[in-house]
$ cat target03.cif   # mmCIF, C-alpha atoms
data_my_file
#
loop_
_atom_site.label_atom_id
_atom_site.label_comp_id
_atom_site.auth_asym_id
_atom_site.auth_seq_id
_atom_site.Cartn_x
_atom_site.Cartn_y
_atom_site.Cartn_z
CA MET A 2 -8.96 -2.56 3.36
CA SER A 3 -9.61 -6.29 3.73
CA LYS A 4 -6.81 -8.83 3.62
CA VAL A 5 -5.68 -10.21 0.30
CA LYS A 6 -5.86 -14.00 0.40
CA ILE A 7 -3.03 -15.61 -1.54
CA GLU A 8 -2.99 -19.37 -2.06
CA PHE A 9 -0.06 -20.99 -3.81
CA ILE A 10 -0.06 -24.60 -4.93
CA ASN A 11 3.53 -25.78 -5.19
CA THR A 12 3.69 -28.76 -7.52
CA CYS A 13 7.45 -29.15 -7.99
CA PRO A 14 10.80 -28.15 -6.48
CA CYS A 15 11.40 -25.49 -9.14
CA CYS A 16 8.32 -23.60 -7.87
CA GLU A 17 9.80 -23.26 -4.38
CA GLY A 18 11.35 -19.93 -5.39
CA PHE A 19 7.86 -18.54 -5.95
CA GLY A 20 6.88 -19.75 -2.49
CA ASP A 21 9.86 -17.89 -1.01
CA MET A 22 8.88 -14.77 -2.91
CA LEU A 23 5.31 -14.95 -1.57
CA ARG A 24 6.62 -15.46 1.98
CA ASP A 25 8.71 -12.28 1.56
CA ILE A 26 5.60 -10.38 0.46
CA LYS A 27 3.71 -11.75 3.47
CA ASN A 28 6.54 -10.55 5.75
CA ARG A 29 6.46 -7.07 4.16
CA PHE A 30 2.68 -6.75 4.51
CA PRO A 31 1.69 -8.95 7.49
CA GLU A 32 -1.53 -7.04 8.19
CA ASP A 33 -2.67 -7.08 4.56
CA VAL A 34 -1.81 -10.56 3.29
CA ASP A 35 -3.18 -13.97 4.27
CA LEU A 36 -0.87 -16.57 2.69
CA LYS A 37 -1.42 -20.32 2.40
CA ILE A 38 1.08 -22.51 0.57
CA TYR A 39 0.05 -26.02 -0.38
CA HIS A 40 2.50 -28.71 -1.45
CA ALA A 41 1.13 -31.20 -3.97
CA GLY A 42 1.35 -34.76 -2.71
CA VAL A 43 1.52 -33.56 0.91
CA ASP A 44 -1.43 -31.19 1.33
CA PHE A 45 -4.84 -32.14 -0.02
CA ASP A 46 -7.06 -29.30 1.28
CA TYR A 47 -6.95 -27.47 -2.05
CA LEU A 48 -8.30 -30.43 -4.06
CA GLN A 49 -11.92 -29.91 -2.99
CA LYS A 50 -11.73 -26.17 -3.70
CA TYR A 51 -9.76 -26.11 -6.94
CA GLY A 52 -9.32 -29.66 -8.20
CA GLN A 53 -6.10 -31.27 -9.34
CA MET A 54 -3.28 -28.91 -10.32
CA LEU A 55 -0.49 -30.05 -12.62
CA ARG A 56 1.63 -26.90 -12.44
CA GLY A 57 2.45 -24.25 -9.87
CA THR A 58 -0.62 -22.07 -9.44
CA MET A 59 -1.36 -18.90 -7.49
CA ILE A 60 -4.91 -18.00 -6.56
CA LEU A 61 -5.85 -14.54 -5.27
CA ASN A 62 -8.93 -14.06 -3.10
CA GLU A 63 -10.25 -17.49 -4.16
CA LYS A 64 -11.17 -16.02 -7.56
CA GLU A 65 -8.22 -15.10 -9.77
CA LYS A 66 -6.10 -18.04 -10.91
CA TYR A 67 -2.57 -17.56 -12.28
CA GLU A 68 -0.57 -20.29 -13.99
CA ASN A 69 2.66 -20.07 -16.02
CA LEU A 70 4.09 -18.03 -13.17
CA SER A 71 7.04 -15.69 -13.29
CA ARG A 72 8.41 -13.22 -10.77
CA LYS A 73 7.06 -10.31 -12.81
CA LYS A 74 3.59 -11.86 -13.16
CA ILE A 75 3.35 -12.53 -9.41
CA GLU A 76 4.52 -9.02 -8.49
CA LYS A 77 2.04 -7.43 -10.90
CA ALA A 78 -0.95 -9.47 -9.65
CA VAL A 79 -0.15 -9.01 -5.95
CA SER A 80 0.60 -5.29 -6.41
CA LYS A 81 -2.78 -4.81 -8.06
CA ALA A 82 -4.58 -6.75 -5.31
CA LEU A 83 -2.80 -4.84 -2.53
CA GLY A 84 -2.98 -1.47 -4.25
CA VAL A 85 0.75 -0.85 -3.74
CA SER A 86 3.91 -1.05 -5.81
CA LEU A 87 6.28 -3.91 -5.03
#
$ encode --input "target03.cif" --output "structure tokens"
Amino acid sequence: MSKVKIEFINTCPCCEGFGDMLRDIKNRFPEDVDLKIYHAGVDFDYLQKYGQMLRGTMILNEKEKYENLSRKKIEKAVSKALGVSL
């Protein structure tokens, strides 16, 4: 199985909890997850790839974009991508 690439664009302090959650998933599945967390206003690498983001956004495998994030929505999307239950 190839690695699941997770990119998270953190746009505000209230989204930091989602970043922590994704770090925990990365720690549970270090061989299966490639995680990159961008912080708006600090990191600018994502702008060329995805454009400006106005809310916390998770992108899986550079294809699937998730906004209006919640813990349940993140777990469901990552579980599906990894093929495991979280």
$ residues_around --input "target03.cif" --residues "Pro31 in chain A" --least-positions-apart "6" --cutoff "10 Å" --atoms "only C-alpha atoms" --output "VMD selection string"
chain A and resid 4 24 to 25
$ resolve_selection --input "target03.cif" --expression "the PyMOL selection byres ((chain A and resi 82) around 10)" --output "PyMOL selection string"
chain A and resi 4-7+34+61-62+76-81+83-85
$ write_last_selection --input "target03.cif" --atoms "C-alpha atoms" --output "PDB file, in the frame of the given file"
ATOM      1  CA  LYS A   4      -6.810  -8.830   3.620  1.00  0.00           C
ATOM      2  CA  VAL A   5      -5.680 -10.210   0.300  1.00  0.00           C
ATOM      3  CA  LYS A   6      -5.860 -14.000   0.400  1.00  0.00           C
ATOM      4  CA  ILE A   7      -3.030 -15.610  -1.540  1.00  0.00           C
ATOM      5  CA  VAL A  34      -1.810 -10.560   3.290  1.00  0.00           C
ATOM      6  CA  LEU A  61      -5.850 -14.540  -5.270  1.00  0.00           C
ATOM      7  CA  ASN A  62      -8.930 -14.060  -3.100  1.00  0.00           C
ATOM      8  CA  GLU A  76       4.520  -9.020  -8.490  1.00  0.00           C
ATOM      9  CA  LYS A  77       2.040  -7.430 -10.900  1.00  0.00           C
ATOM     10  CA  ALA A  78      -0.950  -9.470  -9.650  1.00  0.00           C
ATOM     11  CA  VAL A  79      -0.150  -9.010  -5.950  1.00  0.00           C
ATOM     12  CA  SER A  80       0.600  -5.290  -6.410  1.00  0.00           C
ATOM     13  CA  LYS A  81      -2.780  -4.810  -8.060  1.00  0.00           C
ATOM     14  CA  LEU A  83      -2.800  -4.840  -2.530  1.00  0.00           C
ATOM     15  CA  GLY A  84      -2.980  -1.470  -4.250  1.00  0.00           C
ATOM     16  CA  VAL A  85       0.750  -0.850  -3.740  1.00  0.00           C
TER      17      VAL A  85
END
$ axis_aligned_box --input "target03.cif" --around "range 16-27 of chain A" --padding-each-side "4 Å" --output "JSON"
{"center_x": 7.5, "center_y": -17.0, "center_z": -2.2, "size_x": 15.6, "size_y": 21.2, "size_z": 19.3}
$ atom_distance --input "target03.cif" --atom1 "CA of Asp35 in chain A" --atom2 "CA of Ser3 in chain A"
10.0 Å
$ closest_residue --input "target03.cif" --among "A:Ala41, A:Gly57, A:Lys64, A:Glu32" --to "Gly18 in chain A" --atoms "only C-alpha atoms"
A:Gly57
$ closest_residue --input "target03.cif" --among "A:Gln49, A:Lys66, A:Glu8, A:Ser71" --to "Lys27 in chain A" --atoms "all atoms listed in the file"
A:Glu8
$ decode --input "target03.cif" --residues "chain A" --atoms "C-alpha atoms" --output "compact mmCIF listing (two decimals), in the first residue's frame"
# COMPACT_ATOMS: atom_id res chain seq x y z
CA MET A 2 0.00 0.00 0.00
CA SER A 3 1.33 3.46 -0.84
CA LYS A 4 1.47 6.23 1.73
CA VAL A 5 -1.54 8.44 2.26
CA LYS A 6 -0.52 12.07 1.83
CA ILE A 7 -2.36 14.36 4.22
CA GLU A 8 -1.96 18.12 3.93
CA PHE A 9 -3.64 20.39 6.44
CA ILE A 10 -3.85 24.14 6.03
CA ASN A 11 -4.28 25.70 9.45
CA THR A 12 -5.83 29.14 9.06
CA CYS A 13 -6.66 30.00 12.67
CA PRO A 14 -5.87 29.04 16.27
CA CYS A 15 -9.14 27.11 16.66
CA CYS A 16 -7.98 24.68 13.93
CA GLU A 17 -4.89 23.71 15.93
CA GLY A 18 -6.85 20.88 17.55
CA PHE A 19 -7.28 19.31 14.12
CA GLY A 20 -3.53 19.58 13.57
CA ASP A 21 -2.94 17.76 16.86
CA MET A 22 -5.39 15.07 15.83
CA LEU A 23 -3.60 14.57 12.49
CA ARG A 24 -0.23 14.40 14.27
CA ASP A 25 -1.65 11.62 16.49
CA ILE A 26 -2.77 9.72 13.40
CA LYS A 27 0.70 10.17 11.88
CA ASN A 28 2.24 8.78 15.09
CA ARG A 29 -0.10 5.76 15.02
CA PHE A 30 0.63 4.98 11.36
CA PRO A 31 4.15 6.34 10.67
CA GLU A 32 4.78 4.00 7.73
CA ASP A 33 1.44 4.75 6.06
CA VAL A 34 0.94 8.50 6.49
CA ASP A 35 2.86 11.43 5.04
CA LEU A 36 1.67 14.55 6.91
CA LYS A 37 2.36 18.19 6.06
CA ILE A 38 0.80 20.98 8.11
CA TYR A 39 0.85 24.49 6.70
CA HIS A 40 0.15 27.59 8.78
CA ALA A 41 -1.50 30.43 6.88
CA GLY A 42 0.53 33.61 7.04
CA VAL A 43 3.71 31.65 7.82
CA ASP A 44 3.92 28.96 5.14
CA PHE A 45 3.28 29.84 1.51
CA ASP A 46 4.13 26.56 -0.29
CA TYR A 47 0.49 25.56 -0.55
CA LEU A 48 -0.58 28.74 -2.38
CA GLN A 49 0.78 27.63 -5.76
CA LYS A 50 -0.82 24.19 -5.42
CA TYR A 51 -4.20 25.06 -3.94
CA GLY A 52 -4.62 28.83 -3.94
CA GLN A 53 -5.74 30.97 -1.04
CA MET A 54 -7.61 29.20 1.76
CA LEU A 55 -9.90 31.11 4.10
CA ARG A 56 -10.75 28.23 6.44
CA GLY A 57 -9.01 25.17 7.81
CA THR A 58 -8.73 22.65 4.99
CA MET A 59 -7.51 19.06 4.77
CA ILE A 60 -6.38 17.61 1.46
CA LEU A 61 -5.85 13.87 0.97
CA ASN A 62 -3.48 12.61 -1.72
CA GLU A 63 -3.51 16.03 -3.42
CA LYS A 64 -7.03 15.29 -4.72
CA GLU A 65 -9.74 15.19 -2.07
CA LYS A 66 -10.41 18.51 -0.35
CA TYR A 67 -12.29 18.72 2.96
CA GLU A 68 -13.54 21.96 4.50
CA ASN A 69 -15.96 22.53 7.40
CA LEU A 70 -13.88 20.06 9.37
CA SER A 71 -14.92 18.12 12.43
CA ARG A 72 -13.26 15.30 14.32
CA LYS A 73 -15.75 12.80 12.89
CA LYS A 74 -15.27 14.03 9.31
CA ILE A 75 -11.47 13.80 9.57
CA GLU A 76 -11.58 10.31 11.10
CA LYS A 77 -13.96 9.07 8.42
CA ALA A 78 -11.89 10.45 5.51
CA VAL A 79 -8.54 9.26 6.88
CA SER A 80 -9.97 5.83 7.81
CA LYS A 81 -11.24 5.40 4.27
CA ALA A 82 -7.90 6.46 2.76
CA LEU A 83 -5.90 4.17 5.05
CA GLY A 84 -8.34 1.28 4.85
CA VAL A 85 -8.48 0.94 8.66
CA SER A 86 -10.82 1.93 11.45
CA LEU A 87 -9.68 4.76 13.71
